[in-house]
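**Q** Before I ask anything, here is the structure I am working with.
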Amino acid sequence: MDQQPSAPRIRKRDLFKNLWRLAKPFWVSEEKWKAWALLALVIGLNLGIVYLSVQFNDWYGKFYRAMQGYDAKEFWAQMWRFCILAFFWILTGVYAQYLRQMLDVKWRRWMTERFNRRWLENQGYYRMQLVDRQTDNPDQRIAEDVRDFVSTTLGLSLGLLRSVVSFVSFVAILWALSGPLRFHFAGSDWVIEGYMLWVVILYALVGTAITILIGKPLVGLNFVQQQREADFRFSLMRIRENAESIALYRGESQEDQRLGLRLMRVVTNYWQIMRMQKRLTWFTSFWGQLAIIFPFIVAAPRYFAKAIDFGVVMQISNAFREVYDALEFVIASFYSLAAWKAIIDRLATFEQGMADMEKLPVLTPADAPVNATVRGLAVSKPDGTPLLTDLALSLVPGERLLVRGASGVGKSTLLRVLGGIWPFAQGDTAIPRHGGVLFLSQRPYMPLGTLRDAMSYPHERAGDTELLRGLLIQVRLGHLVARLDDTDHWAHVLSLGEQQRIAIARALLHRPAFLVLDEATSAIDEDTEQLLYGALLAALPDSIMISVGHRSSLKVFHNRFLDCEGEGRWALA
Ligand SMILES: Nc1ncnc2c1ncn2[C@@H]1O[C@H](COP(=O)(O)OP(=O)(O)OP(=O)(O)O)[C@@H](O)[C@H]1O
């Protein structure tokens with residue numbers, strides 16, 4: 001059996017600091033006037049609902065008094081009043097919800113767009129993983145946590161506001177209706193002013209205190225449940241992502257065990273939740289039923305003493321319900337705090353990671369007129385370990401550089417510097433950007449869509465069908481000619497070598513002035529590799545080309561050689 005889990009402790013100072021940091025930008029943004037106006041409207045409508053509840057309470061008194069007094073005229077007058085009140089109640093209720101949702105979606109859209117922008121700007125989605133290891137899956141932060149943050153923040157704060165105002169209003173009503181309770185005890189006369197109010201508050205406090213006592217472990221259990229569900233989902237996702245490897249290893253029994261274990265953890269925790277909820281429901285149902293008759297029991301002594309009429313009894317019963325509900329909401333919202341705190345923590349970590357990433361320098365190579373040049377370039381790993389020191393290099397159009405060296409020595413990192421995505425570098429770099437730049441990596445990106453889209457990437461869809469067909473044949477993908485406009489999951493359908501050939505076709509299509517191939521033909525047989533490099537050379541005679549590759553057969557296609565020797569050392573041949 002699992003140990004009793006506990007919810008994370010809430011450190012108030014951090015919570016409110018983080019909440020402020022996440023919420024503030026929207027409320028001071030260019031949308032602030034609309035947002036504040038909507039908020040004011042929603043608050044106004046919520047207060048309107050409390051006002052209408054107070055009117056209804058008054059109605060209860062008058063209506064039941066009319067019934068008790070067989071007063072038909074008053075009965076119809078109150079019926080009419082009810083219709084008016086109900087009309088406004090419905091109107092206010094509908095718009096309080098609609099406008100709140102409008103604020104909700106505006107805030108969510110604004111916040112998500114801001115995260116999107118910051119995440120995409122300057123290749124943040126790539127650079128982020130260089131500085132932040134805590135944000136496990138940014139997609140979930142942006143898609144789900146922002147949504148939950150906005151709706152929980154609004155839900156909790158507006159709910160609390162309404163409950164507090166409602167509590168105060170109905171406490172005042174109960175105080176006014178209740179009157180004193182007089183009794184004789186221990187030889188003297190006693191008077192308790194507004195006794196019903198005290199009884200109601202006591203009833204609500206006792207009820208919620210017991211509910212909390214019984215239900216307290218549920219907070220921790222629900223928190224753990226979410227984590228375990230996520231773990232289980234993650235295991236399933238890993239199988240999907242690594243389908244081929246697992247299938248070839250015949251790793252099903254291992255995976256089955258792992259899945260079984262995680263599912264068991266989900267179920268074990270759920271059993272505890274069920275038991276706890278059962279215990280809680282015993283009590284809440286009992287207390288809820290009692291709440292129906294309790295106000296009548298409390299009001300009975302004064303009613304039978306003819307100190308109050310039936311209308312007042314009904315008003316008391318209604319006010320009792322309102323005070324009870326308000327207190328219950330306030331206390332129950334402490335439950336939501338743990339989940340809310342977890343969302344705020346996750347988003348604050350993400351935001352911090354993003355802020356750290358934004359502090360990294362953006363080293364975009366300058367736009368050179370013709371040549372590609374590197375001067376005094378120092379490249380290092382994120383921890384500062386040097387990969388290349390004081391590198392100097394100049395390539396004129398038509399020159400083709402092969403970067404060589406042992407695995408892990410920093411070859412790809414040099415290309416990342418030239419691509420402007422590696423922030424841990426110093427020195428001057430310039431490439432002929434205006435003539436078109438294309439980086440082909442070992443695992444080419446295949447966008448969702450047609451093969452035509454995949455070939456045209458990263459540019460707009462190319463329209464010249466004959467040209468594309470010709471290129472497919474040239475890169476030995478003739479069997480795909482008929483599928484040019486088929487939509488498919490190309491990253492799964494095509495072998496890695498085929499995907500690499502699509503990438504080479506991209507280079508032949510776009511004809512960039514600066515072309516980089518990072519082991520871009522590693523999965524292609526040597527014969528085809530020779531053919532493809534030959535095609536590139538013929539099609540792009542004046543382009544500057546930089547390749548990284550381990551095969552000696554690549555040598556003949558290059559006329560400059562950079563040997564990376566480790567610890568910053570290099571040699572140019
Ligand atoms: N995102 C990263 N975070 C931390 N270290 C990194 C990151 N990317 C690369 N490195 C480190 O930088 C060093 C150089 O990596 P790089 O990919 O440039 O090697 P490489 O010479 O291209 O190797 P290979 O021939 O195996 O592709 C490696 O030690 C690697 O661990």
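Starting from 1 in every chain, residues are counted up; chains themselves are A, B, ... following the order of the structure tokens, and ligands are numbered from 1 as listed.
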Using 6 Å as the limit and counting only C-alpha atoms and all ligand atoms, can you tabulate each residue of chain A that touches ligand 1, with its shortest atom-to-atom distance in Å and the two atoms involved, as JSON lines?

**A**
```
{"residue": "A:Leu130", "atom": "CA", "partner": "ligand 1", "partner_atom_place_in_ligand_line": "1 (N)", "distance": 5.1}
{"residue": "A:Lys381", "atom": "CA", "partner": "ligand 1", "partner_atom_place_in_ligand_line": "12 (O)", "distance": 5.2}
{"residue": "A:Pro382", "atom": "CA", "partner": "ligand 1", "partner_atom_place_in_ligand_line": "4 (C)", "distance": 5.6}
{"residue": "A:Ser407", "atom": "CA", "partner": "ligand 1", "partner_atom_place_in_ligand_line": "25 (O)", "distance": 3.5}
{"residue": "A:Gly408", "atom": "CA", "partner": "ligand 1", "partner_atom_place_in_ligand_line": "19 (O)", "distance": 3.4}
{"residue": "A:Val409", "atom": "CA", "partner": "ligand 1", "partner_atom_place_in_ligand_line": "21 (O)", "distance": 3.9}
{"residue": "A:Gly410", "atom": "CA", "partner": "ligand 1", "partner_atom_place_in_ligand_line": "18 (O)", "distance": 3.2}
{"residue": "A:Lys411", "atom": "CA", "partner": "ligand 1", "partner_atom_place_in_ligand_line": "21 (O)", "distance": 3.9}
{"residue": "A:Ser412", "atom": "CA", "partner": "ligand 1", "partner_atom_place_in_ligand_line": "22 (O)", "distance": 3.7}
{"residue": "A:Thr413", "atom": "CA", "partner": "ligand 1", "partner_atom_place_in_ligand_line": "18 (O)", "distance": 3.7}
```

**Q** Report as CSV the residues of stretch 305-386 of chain A within 12 Å of stretch 212-232 of chain A, each with its shortest atom pair and distance in Å (one decimal), using only C-alpha atoms, ordered by chain and increasing residue number.

**A**
```
residue,atom,partner,partner_atom,distance
A:Glu328,CA,A:Ile212,CA,10.4
A:Ile331,CA,A:Ile212,CA,8.4
A:Ala332,CA,A:Ile212,CA,8.3
A:Ser333,CA,A:Ile212,CA,11.2
A:Phe334,CA,A:Val219,CA,9.5
A:Tyr335,CA,A:Val219,CA,6.2
A:Ser336,CA,A:Val219,CA,8.2
A:Leu337,CA,A:Val219,CA,9.4
A:Ala338,CA,A:Val219,CA,7.3
A:Ala339,CA,A:Phe223,CA,7.1
A:Trp340,CA,A:Phe223,CA,10.8
A:Lys341,CA,A:Phe223,CA,11.1
A:Ala342,CA,A:Phe223,CA,9.0
A:Ile343,CA,A:Phe223,CA,11.4
```

**Q** Of the residues A:Arg114, A:Arg100, A:Lys73, A:Arg404, which is the one nearest to A:Ala40, using only C-alpha atoms?

**A** A:Arg100

**Q** Got a sec: who's within 8 Å of A:Glu322, counting only C-alpha atoms, leaving out chain neighbours fewer than 2 positions off, as an MDAnalysis selection string?

**A** chainID A and resid 166:167 170 318:320 324:326

**Q** Could you build a table of the residues in stretch 498-571 of chain A lying no more than 7 Å from stretch 472-480 of chain A, giving for each the nearest pair of atoms and their separation in Å rounded to one decimal place, using only C-alpha atoms, ordered by chain and ascending residue number, as CSV?

**A**
```
residue,atom,partner,partner_atom,distance
A:Arg501,CA,A:Val475,CA,5.9
A:Ala505,CA,A:Val475,CA,6.5
A:Leu532,CA,A:Val475,CA,6.5
```
